[in-house]
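Step one of this worksheet: look at the structure below.
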Amino acid sequence: QVQLVESGGGLVQAGSSLRLSCAASGRTFSSYVMGWFRQAPGKEREFVAGISRGAVRTYYADSVRGRFTVSSDNAENTGYLQMNSLQPEDTAVYYCAAGERPDTYYSTRYSRRYAYDYWGQGTQVTVSS
């Protein structure tokens, strides 16, 4: 089992950058596929980005591709989401999630919430115009 704690959220202006962190404890981070999701008020939780074990593959939602970068540092047992050119529509609570199924399972399911087994508590990102 793994525990996930997100940090790095905040209030920023449009065009700014933030880097979110997802610290894992309990098991080696490299044992999991990692995903980032977000949920805006009144909306469903949606996929943002994902990264396979060993960072072999990365996945992005169309809305963030080219602006966000997902990465992981196994030595630090931490995942990251670098967010550039933030816009007001990026305002949401951001969650990291870990999945323990084989990588092949995620090749077609990386954006599905049900594919992930562990979730952090979330960190708020607010982008003002």
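Order determines the names: the first chain of the structure tokens is A, the second B, and so forth; residues in each chain are numbered 1 upward, and ligands are numbered 1 upward as they are shown.
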**Request:** Identify, on the basis of only C-alpha atoms, every residue whose closest approach to range 31-35 of chain A does not exceed 6 Å; exclude the query and any residue fewer than 5 positions from it along the same chain; express the result as JSON, numbers by chain.
**Result:** {"A": [49, 50, 51, 52, 53, 96, 97, 98, 99, 100]}
How would the residues just chosen look if you wrote them out with C-alpha atoms as a compact mmCIF listing (two decimals), in the first residue's frame?
```txt
# COMPACT_ATOMS: atom_id res chain seq x y z
CA ALA A 49 -1.55 13.52 -17.09
CA GLY A 50 -0.02 10.12 -16.42
CA ILE A 51 3.36 8.46 -16.37
CA SER A 52 4.29 4.81 -16.56
CA ARG A 53 6.75 2.98 -14.36
CA CYS A 96 -2.31 12.46 -7.73
CA ALA A 97 -3.12 8.80 -7.95
CA ALA A 98 -1.16 5.55 -8.06
CA GLY A 99 -2.05 2.39 -9.90
CA GLU A 100 -0.58 -1.03 -9.25
```
**Message:** Excluding Gln3 in chain A and its own-chain neighbours fewer than 2 positions away, which residues fall within 8 Å of it when counting only C-alpha atoms? Please give them as JSON, numbers by chain.
**Reply:** {"A": [1, 5, 24, 25, 26, 118, 119, 120]}
Mind dumping the selected residues with C-alpha atoms as a short mmCIF file (atom, residue, chain, number, x, y, z; two decimals), in the first residue's frame?
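Final output, selection_0.cif:
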```
data_model
loop_
_atom_site.label_atom_id
_atom_site.label_comp_id
_atom_site.auth_asym_id
_atom_site.auth_seq_id
_atom_site.Cartn_x
_atom_site.Cartn_y
_atom_site.Cartn_z
CA GLN A 1 0.00 0.00 0.00
CA VAL A 5 0.47 13.65 -0.33
CA ALA A 24 4.72 8.74 -1.74
CA SER A 25 5.32 6.71 1.39
CA GLY A 26 4.75 3.13 2.38
CA TYR A 118 -4.62 5.07 -4.28
CA TRP A 119 -5.35 8.78 -4.14
CA GLY A 120 -3.96 11.80 -2.37
#
```
Which residues, written as an mmCIF file with all heavy atoms, in the first residue's frame, have at least one atom at most 12 Å from Leu20 in chain A, with only C-alpha atoms counted and residues fewer than 3 positions away on the same chain left out?
```cif
data_model
loop_
_atom_site.group_PDB
_atom_site.id
_atom_site.type_symbol
_atom_site.label_atom_id
_atom_site.label_comp_id
_atom_site.auth_asym_id
_atom_site.auth_seq_id
_atom_site.Cartn_x
_atom_site.Cartn_y
_atom_site.Cartn_z
ATOM 1 N N VAL A 5 0.732 12.307 -0.842
ATOM 2 C CA VAL A 5 0.475 13.646 -0.329
ATOM 3 C C VAL A 5 0.897 14.658 -1.392
ATOM 4 O O VAL A 5 2.084 14.731 -1.746
ATOM 5 C CB VAL A 5 1.229 13.907 0.984
ATOM 6 C CG1 VAL A 5 0.970 15.333 1.456
ATOM 7 C CG2 VAL A 5 0.816 12.906 2.053
ATOM 8 N N GLU A 6 -0.063 15.444 -1.868
ATOM 9 C CA GLU A 6 0.216 16.477 -2.857
ATOM 10 C C GLU A 6 0.590 17.782 -2.158
ATOM 11 O O GLU A 6 0.147 18.062 -1.040
ATOM 12 C CB GLU A 6 -0.995 16.750 -3.751
ATOM 13 C CG GLU A 6 -1.534 15.570 -4.503
ATOM 14 C CD GLU A 6 -2.662 14.882 -3.783
ATOM 15 O OE1 GLU A 6 -2.724 15.003 -2.542
ATOM 16 O OE2 GLU A 6 -3.499 14.238 -4.447
ATOM 17 N N SER A 7 1.371 18.579 -2.848
ATOM 18 C CA SER A 7 1.719 19.918 -2.378
ATOM 19 C C SER A 7 2.079 20.774 -3.575
ATOM 20 O O SER A 7 2.253 20.256 -4.692
ATOM 21 C CB SER A 7 2.888 19.865 -1.384
ATOM 22 O OG SER A 7 4.041 19.323 -2.001
ATOM 23 N N GLY A 8 2.193 22.078 -3.339
ATOM 24 C CA GLY A 8 2.632 22.979 -4.396
ATOM 25 C C GLY A 8 1.537 23.817 -5.017
ATOM 26 O O GLY A 8 1.822 24.663 -5.875
ATOM 27 N N GLY A 9 0.298 23.599 -4.613
ATOM 28 C CA GLY A 9 -0.777 24.413 -5.154
ATOM 29 C C GLY A 9 -0.731 25.832 -4.626
ATOM 30 O O GLY A 9 0.049 26.156 -3.726
ATOM 31 N N GLY A 10 -1.573 26.686 -5.192
ATOM 32 C CA GLY A 10 -1.610 28.075 -4.740
ATOM 33 C C GLY A 10 -2.439 28.931 -5.655
ATOM 34 O O GLY A 10 -3.117 28.438 -6.563
ATOM 35 N N SER A 17 3.396 29.880 -13.695
ATOM 36 C CA SER A 17 3.721 28.456 -13.603
ATOM 37 C C SER A 17 3.632 27.992 -12.154
ATOM 38 O O SER A 17 3.817 28.785 -11.223
ATOM 39 C CB SER A 17 5.133 28.197 -14.115
ATOM 40 O OG SER A 17 5.252 28.539 -15.484
ATOM 41 N N ALA A 23 4.247 13.258 -2.972
ATOM 42 C CA ALA A 23 5.181 12.470 -2.181
ATOM 43 C C ALA A 23 4.537 11.147 -1.794
ATOM 44 O O ALA A 23 3.419 11.123 -1.276
ATOM 45 C CB ALA A 23 5.595 13.240 -0.937
ATOM 46 N N TRP A 36 -2.308 12.124 -12.670
ATOM 47 C CA TRP A 36 -2.769 13.389 -12.103
ATOM 48 C C TRP A 36 -4.172 13.653 -12.646
ATOM 49 O O TRP A 36 -4.405 13.546 -13.856
ATOM 50 C CB TRP A 36 -1.848 14.535 -12.481
ATOM 51 C CG TRP A 36 -0.539 14.539 -11.757
ATOM 52 C CD1 TRP A 36 0.641 13.983 -12.170
ATOM 53 C CD2 TRP A 36 -0.260 15.140 -10.495
ATOM 54 N NE1 TRP A 36 1.629 14.191 -11.239
ATOM 55 C CE2 TRP A 36 1.100 14.905 -10.192
ATOM 56 C CE3 TRP A 36 -1.026 15.860 -9.576
ATOM 57 C CZ2 TRP A 36 1.704 15.366 -9.017
ATOM 58 C CZ3 TRP A 36 -0.423 16.320 -8.415
ATOM 59 C CH2 TRP A 36 0.922 16.067 -8.143
ATOM 60 N N PHE A 37 -5.065 14.027 -11.754
ATOM 61 C CA PHE A 37 -6.430 14.374 -12.096
ATOM 62 C C PHE A 37 -6.756 15.718 -11.470
ATOM 63 O O PHE A 37 -6.058 16.184 -10.575
ATOM 64 C CB PHE A 37 -7.407 13.312 -11.567
ATOM 65 C CG PHE A 37 -7.331 11.991 -12.295
ATOM 66 C CD1 PHE A 37 -6.264 11.138 -12.065
ATOM 67 C CD2 PHE A 37 -8.315 11.616 -13.191
ATOM 68 C CE1 PHE A 37 -6.181 9.917 -12.732
ATOM 69 C CE2 PHE A 37 -8.249 10.402 -13.856
ATOM 70 C CZ PHE A 37 -7.182 9.550 -13.629
ATOM 71 N N ARG A 38 -7.830 16.328 -11.930
ATOM 72 C CA ARG A 38 -8.275 17.580 -11.323
ATOM 73 C C ARG A 38 -9.787 17.627 -11.311
ATOM 74 O O ARG A 38 -10.445 17.005 -12.128
ATOM 75 C CB ARG A 38 -7.703 18.788 -12.059
ATOM 76 C CG ARG A 38 -8.230 18.970 -13.480
ATOM 77 C CD ARG A 38 -7.481 20.113 -14.164
ATOM 78 N NE ARG A 38 -7.959 20.330 -15.527
ATOM 79 C CZ ARG A 38 -7.397 21.183 -16.382
ATOM 80 N NH1 ARG A 38 -6.323 21.898 -16.013
ATOM 81 N NH2 ARG A 38 -7.885 21.325 -17.599
ATOM 82 N N PHE A 68 1.758 21.336 -19.731
ATOM 83 C CA PHE A 68 2.058 20.589 -18.507
ATOM 84 C C PHE A 68 3.044 19.474 -18.819
ATOM 85 O O PHE A 68 3.019 18.891 -19.907
ATOM 86 C CB PHE A 68 0.789 19.969 -17.935
ATOM 87 C CG PHE A 68 -0.204 20.947 -17.358
ATOM 88 C CD1 PHE A 68 -0.092 22.310 -17.554
ATOM 89 C CD2 PHE A 68 -1.269 20.475 -16.602
ATOM 90 C CE1 PHE A 68 -1.014 23.199 -17.022
ATOM 91 C CE2 PHE A 68 -2.202 21.343 -16.049
ATOM 92 C CZ PHE A 68 -2.074 22.705 -16.275
ATOM 93 N N THR A 69 3.879 19.153 -17.830
ATOM 94 C CA THR A 69 4.831 18.053 -17.964
ATOM 95 C C THR A 69 4.795 17.203 -16.699
ATOM 96 O O THR A 69 4.965 17.727 -15.596
ATOM 97 C CB THR A 69 6.260 18.576 -18.184
ATOM 98 O OG1 THR A 69 6.291 19.419 -19.343
ATOM 99 C CG2 THR A 69 7.230 17.423 -18.371
ATOM 100 N N VAL A 70 4.600 15.917 -16.885
ATOM 101 C CA VAL A 70 4.573 14.988 -15.757
ATOM 102 C C VAL A 70 5.927 14.283 -15.679
ATOM 103 O O VAL A 70 6.539 13.960 -16.703
ATOM 104 C CB VAL A 70 3.419 13.974 -15.905
ATOM 105 C CG1 VAL A 70 3.569 13.136 -17.169
ATOM 106 C CG2 VAL A 70 3.303 13.084 -14.673
ATOM 107 N N SER A 71 6.393 14.072 -14.465
ATOM 108 C CA SER A 71 7.675 13.399 -14.272
ATOM 109 C C SER A 71 7.673 12.691 -12.922
ATOM 110 O O SER A 71 6.749 12.871 -12.115
ATOM 111 C CB SER A 71 8.836 14.398 -14.350
ATOM 112 O OG SER A 71 8.732 15.350 -13.309
ATOM 113 N N SER A 72 8.696 11.898 -12.702
ATOM 114 C CA SER A 72 8.822 11.214 -11.414
ATOM 115 C C SER A 72 10.294 11.083 -11.058
ATOM 116 O O SER A 72 11.156 11.024 -11.942
ATOM 117 C CB SER A 72 8.165 9.835 -11.455
ATOM 118 O OG SER A 72 8.774 9.016 -12.433
ATOM 119 N N THR A 78 8.904 10.624 -5.372
ATOM 120 C CA THR A 78 8.011 11.765 -5.590
ATOM 121 C C THR A 78 7.686 11.895 -7.071
ATOM 122 O O THR A 78 8.550 11.688 -7.925
ATOM 123 C CB THR A 78 8.671 13.058 -5.088
ATOM 124 O OG1 THR A 78 8.966 12.923 -3.688
ATOM 125 C CG2 THR A 78 7.745 14.257 -5.284
ATOM 126 N N GLY A 79 6.444 12.243 -7.344
ATOM 127 C CA GLY A 79 6.028 12.580 -8.689
ATOM 128 C C GLY A 79 5.789 14.069 -8.803
ATOM 129 O O GLY A 79 5.547 14.752 -7.794
ATOM 130 N N TYR A 80 5.853 14.580 -10.023
ATOM 131 C CA TYR A 80 5.720 16.014 -10.230
ATOM 132 C C TYR A 80 4.794 16.309 -11.407
ATOM 133 O O TYR A 80 4.695 15.530 -12.348
ATOM 134 C CB TYR A 80 7.091 16.647 -10.525
ATOM 135 C CG TYR A 80 8.088 16.460 -9.421
ATOM 136 C CD1 TYR A 80 9.054 15.467 -9.487
ATOM 137 C CD2 TYR A 80 8.065 17.291 -8.295
ATOM 138 C CE1 TYR A 80 9.966 15.281 -8.465
ATOM 139 C CE2 TYR A 80 8.981 17.113 -7.271
ATOM 140 C CZ TYR A 80 9.921 16.105 -7.363
ATOM 141 O OH TYR A 80 10.818 15.938 -6.339
ATOM 142 N N LEU A 81 4.170 17.465 -11.328
ATOM 143 C CA LEU A 81 3.407 17.991 -12.450
ATOM 144 C C LEU A 81 3.816 19.446 -12.616
ATOM 145 O O LEU A 81 3.437 20.289 -11.800
ATOM 146 C CB LEU A 81 1.903 17.876 -12.210
ATOM 147 C CG LEU A 81 1.030 18.318 -13.384
ATOM 148 C CD1 LEU A 81 1.208 17.370 -14.576
ATOM 149 C CD2 LEU A 81 -0.438 18.392 -12.984
ATOM 150 N N GLN A 82 4.606 19.719 -13.638
ATOM 151 C CA GLN A 82 5.004 21.081 -13.955
ATOM 152 C C GLN A 82 3.928 21.701 -14.827
ATOM 153 O O GLN A 82 3.610 21.159 -15.891
ATOM 154 C CB GLN A 82 6.347 21.085 -14.690
ATOM 155 C CG GLN A 82 6.806 22.457 -15.130
ATOM 156 C CD GLN A 82 7.166 23.357 -13.962
ATOM 157 O OE1 GLN A 82 7.812 22.935 -13.016
ATOM 158 N NE2 GLN A 82 6.738 24.613 -14.034
ATOM 159 N N MET A 83 3.386 22.824 -14.382
ATOM 160 C CA MET A 83 2.289 23.469 -15.089
ATOM 161 C C MET A 83 2.724 24.856 -15.514
ATOM 162 O O MET A 83 3.010 25.710 -14.663
ATOM 163 C CB MET A 83 1.052 23.546 -14.194
ATOM 164 C CG MET A 83 0.640 22.202 -13.611
ATOM 165 S SD MET A 83 -0.916 22.268 -12.698
ATOM 166 C CE MET A 83 -0.466 23.370 -11.357
ATOM 167 N N ASN A 84 2.792 25.077 -16.809
ATOM 168 C CA ASN A 84 3.174 26.371 -17.369
ATOM 169 C C ASN A 84 1.993 27.011 -18.085
ATOM 170 O O ASN A 84 1.030 26.333 -18.433
ATOM 171 C CB ASN A 84 4.337 26.190 -18.339
ATOM 172 C CG ASN A 84 5.585 25.635 -17.686
ATOM 173 O OD1 ASN A 84 5.835 25.858 -16.500
ATOM 174 N ND2 ASN A 84 6.375 24.896 -18.444
ATOM 175 N N VAL A 93 -9.043 21.523 -7.885
ATOM 176 C CA VAL A 93 -8.258 20.732 -6.934
ATOM 177 C C VAL A 93 -7.554 19.642 -7.733
ATOM 178 O O VAL A 93 -8.202 18.925 -8.510
ATOM 179 C CB VAL A 93 -9.145 20.110 -5.846
ATOM 180 C CG1 VAL A 93 -8.301 19.248 -4.908
ATOM 181 C CG2 VAL A 93 -9.872 21.209 -5.052
ATOM 182 N N TYR A 94 -6.246 19.548 -7.549
ATOM 183 C CA TYR A 94 -5.446 18.579 -8.288
ATOM 184 C C TYR A 94 -5.097 17.398 -7.376
ATOM 185 O O TYR A 94 -4.648 17.595 -6.243
ATOM 186 C CB TYR A 94 -4.172 19.237 -8.805
ATOM 187 C CG TYR A 94 -4.426 20.095 -10.021
ATOM 188 C CD1 TYR A 94 -5.114 21.298 -9.910
ATOM 189 C CD2 TYR A 94 -4.011 19.690 -11.286
ATOM 190 C CE1 TYR A 94 -5.376 22.080 -11.027
ATOM 191 C CE2 TYR A 94 -4.258 20.465 -12.407
ATOM 192 C CZ TYR A 94 -4.944 21.658 -12.265
ATOM 193 O OH TYR A 94 -5.196 22.425 -13.377
ATOM 194 N N TYR A 95 -5.297 16.209 -7.921
ATOM 195 C CA TYR A 95 -5.052 14.975 -7.181
ATOM 196 C C TYR A 95 -4.011 14.128 -7.893
ATOM 197 O O TYR A 95 -4.043 14.016 -9.126
ATOM 198 C CB TYR A 95 -6.323 14.141 -7.075
ATOM 199 C CG TYR A 95 -7.465 14.815 -6.376
ATOM 200 C CD1 TYR A 95 -8.360 15.625 -7.063
ATOM 201 C CD2 TYR A 95 -7.667 14.622 -5.008
ATOM 202 C CE1 TYR A 95 -9.422 16.236 -6.428
ATOM 203 C CE2 TYR A 95 -8.735 15.233 -4.353
ATOM 204 C CZ TYR A 95 -9.596 16.035 -5.072
ATOM 205 O OH TYR A 95 -10.643 16.636 -4.419
ATOM 206 N N CYS A 96 -3.139 13.502 -7.136
ATOM 207 C CA CYS A 96 -2.306 12.462 -7.730
ATOM 208 C C CYS A 96 -2.864 11.117 -7.325
ATOM 209 O O CYS A 96 -3.544 10.974 -6.304
ATOM 210 C CB CYS A 96 -0.839 12.602 -7.352
ATOM 211 S SG CYS A 96 -0.439 12.266 -5.631
ATOM 212 N N GLY A 122 -5.414 15.925 -2.390
ATOM 213 C CA GLY A 122 -5.620 17.036 -3.309
ATOM 214 C C GLY A 122 -4.958 18.320 -2.865
ATOM 215 O O GLY A 122 -4.739 18.555 -1.672
ATOM 216 N N THR A 123 -4.639 19.164 -3.829
ATOM 217 C CA THR A 123 -4.093 20.490 -3.564
ATOM 218 C C THR A 123 -4.781 21.484 -4.493
ATOM 219 O O THR A 123 -4.985 21.206 -5.677
ATOM 220 C CB THR A 123 -2.557 20.510 -3.747
ATOM 221 O OG1 THR A 123 -2.045 21.790 -3.365
ATOM 222 C CG2 THR A 123 -2.142 20.215 -5.180
ATOM 223 N N GLN A 124 -5.156 22.640 -3.944
ATOM 224 C CA GLN A 124 -5.930 23.625 -4.692
ATOM 225 C C GLN A 124 -5.019 24.468 -5.576
ATOM 226 O O GLN A 124 -4.002 25.000 -5.108
ATOM 227 C CB GLN A 124 -6.695 24.533 -3.734
ATOM 228 C CG GLN A 124 -7.461 25.662 -4.409
ATOM 229 C CD GLN A 124 -8.670 25.162 -5.180
ATOM 230 O OE1 GLN A 124 -9.450 24.359 -4.661
ATOM 231 N NE2 GLN A 124 -8.855 25.642 -6.400
ATOM 232 N N VAL A 125 -5.415 24.609 -6.823
ATOM 233 C CA VAL A 125 -4.760 25.524 -7.758
ATOM 234 C C VAL A 125 -5.803 26.527 -8.228
ATOM 235 O O VAL A 125 -6.856 26.133 -8.742
ATOM 236 C CB VAL A 125 -4.161 24.771 -8.957
ATOM 237 C CG1 VAL A 125 -3.660 25.753 -10.005
ATOM 238 C CG2 VAL A 125 -3.041 23.843 -8.503
#
```
**Message:** I'd like the interatomic distance between CA of Phe29 in chain A and CA of Gln121 in chain A, to a tenth of an Å.
**Reply:**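 Straight-line distance from CA of Phe29 in chain A to CA of Gln121 in chain A works out to 17.1 Å.
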**Asked** So which one's closest to Tyr106 in chain A, A:Thr126, A:Pro88, A:Arg57, A:Ala75? Using only C-alpha atoms, please.
**Response**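 Of the candidates, the smallest distance to Tyr106 in chain A is held by A:Arg57.
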**Prompt:** Which residue out of A:Glu89, A:Arg113, A:Gly42, A:Arg101 has the minimum interatomic distance to Ser129 in chain A when only C-alpha atoms are used?
**Reply:** A:Glu89
**Prompt:** Where in chain A does DSSP assign strand (DSSP E or B), given as number ranges by chain?
**Reply:** A: 3-7, 10-13, 18-25, 33-39, 46-51, 58-60, 65, 68-73, 78-83, 92-99, 118-119, 123-128
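If you measure from each of A:Arg27, A:Leu11, A:Cys22, A:Ala40 to Ser128 in chain A using only C-alpha atoms, the closest one turns out to be A:Leu11.
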**Asked** Using only C-alpha atoms, which of A:Tyr105, A:Arg65, A:Tyr114, A:Gln87 sits nearest Gln13 in chain A?
**Response** A:Gln87
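The shortest atom-to-atom distance to Thr91 in chain A, with only C-alpha atoms taken into account, belongs to A:Val127 out of A:Ala55, A:Val48, A:Leu4, A:Val127.
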